[in-house]
Amino acid sequence: MTAVKKYALLSLCGLTLFCARAQMPATNYDESQVPAYTLPDPLTTIAGKKVTDAETWTSERRPELLSLFESEVYGKAPGRPEGLHFEVLSEDRYTLGNMATRREIAVYFTESDAHFMTILLYIPNKRTDAVPVFLGLNFKGNHTICDDPLITESVSRMKPREEGGSEVRAKGFPRAAAASRWPVEMLIANGYGLATIYRGDIDPDYDDGFQNGVHPLFTARGRPNRPPMNGARSRPGPGA
């Protein structure tokens, strides 16, 4: 390739990148600057067809709305990872005053054991069959949802305090720091189970170009993991 061709190719690549950046709309955080708009009718398809029966909703309009949420709000959730596997890390059948069984379960996202999230699960001992379970993400660590001293302390992950620093905090939140939000014993006493996962195991929830948490595990062949295909909001849901 001649020098002229190389220069032309580089110029074209630069122009393409500039145009792509130029087309990205500016982010607006001021509600007063939002222009007038009309929300689309949820029962009218993009083509203008009225939804008058369940078949049209299921086959046409519902997929359209889900696609809008993927492209405009949450990002596209990844499918089941290859190599996904599980391991029971601990079990105590007589916790919370013998009211419940506690299990800690590691969910490994790949064949490697390097990347995983830990499910903290409580099931009432007073049961004769399967029980309904409340499932929710916690934001400070599994060990913060109650004062159970045997819950393994979660590794606290947050935005680094300085550029180039580690997201892992040596000192995280204290045990039972979020207990007021998690009525564990009340749920158990009423016959319900509880399962929770620390969101930091899935996505530490700060902007580093989609390189932290589970994002890199879903990047195809090293290509940039960019929204809307894999937005940050799409991660916790599939994790849970």
# chains A, B, ... in the order shown; residues from 1 in each chain; ligands from 1
>>> residues_around(residues="Glu60 in chain A", least_positions_apart="3", cutoff="12 Å", atoms="only C-alpha atoms", output="PyMOL selection string")
chain A and resi 42-57+63-67
>>> atom_distance(atom1="CA of Ala189 in chain A", atom2="CA of Met99 in chain A")
7.5 Å
>>> atom_distance(atom1="CA of Ser59 in chain A", atom2="CA of Tyr37 in chain A")
27.3 Å
>>> atom_distance(atom1="CA of Arg199 in chain A", atom2="CA of Asn138 in chain A")
6.0 Å
>>> select_by_dssp(residues="range 32-189 of chain A", states="strand (DSSP E or B)", output="ChimeraX atom specification")
/A:44,50,85-94,100-108,116-124,133-138,157,168
>>> select_by_dssp(residues="range 32-205 of chain A", states="helix (DSSP H, G or I)", output="PyMOL selection string")
chain A and resi 32-33+54-74+95-98+142-144+179-181+184-189+199-201
>>> closest_residue(among="A:Phe86, A:Phe173, A:Tyr74, A:Tyr29", to="His115 in chain A", atoms="only C-alpha atoms")
A:Phe86
>>> closest_residue(among="A:Ala36, A:Val133, A:Leu84, A:Ile145", to="Ala114 in chain A", atoms="only C-alpha atoms")
A:Leu84
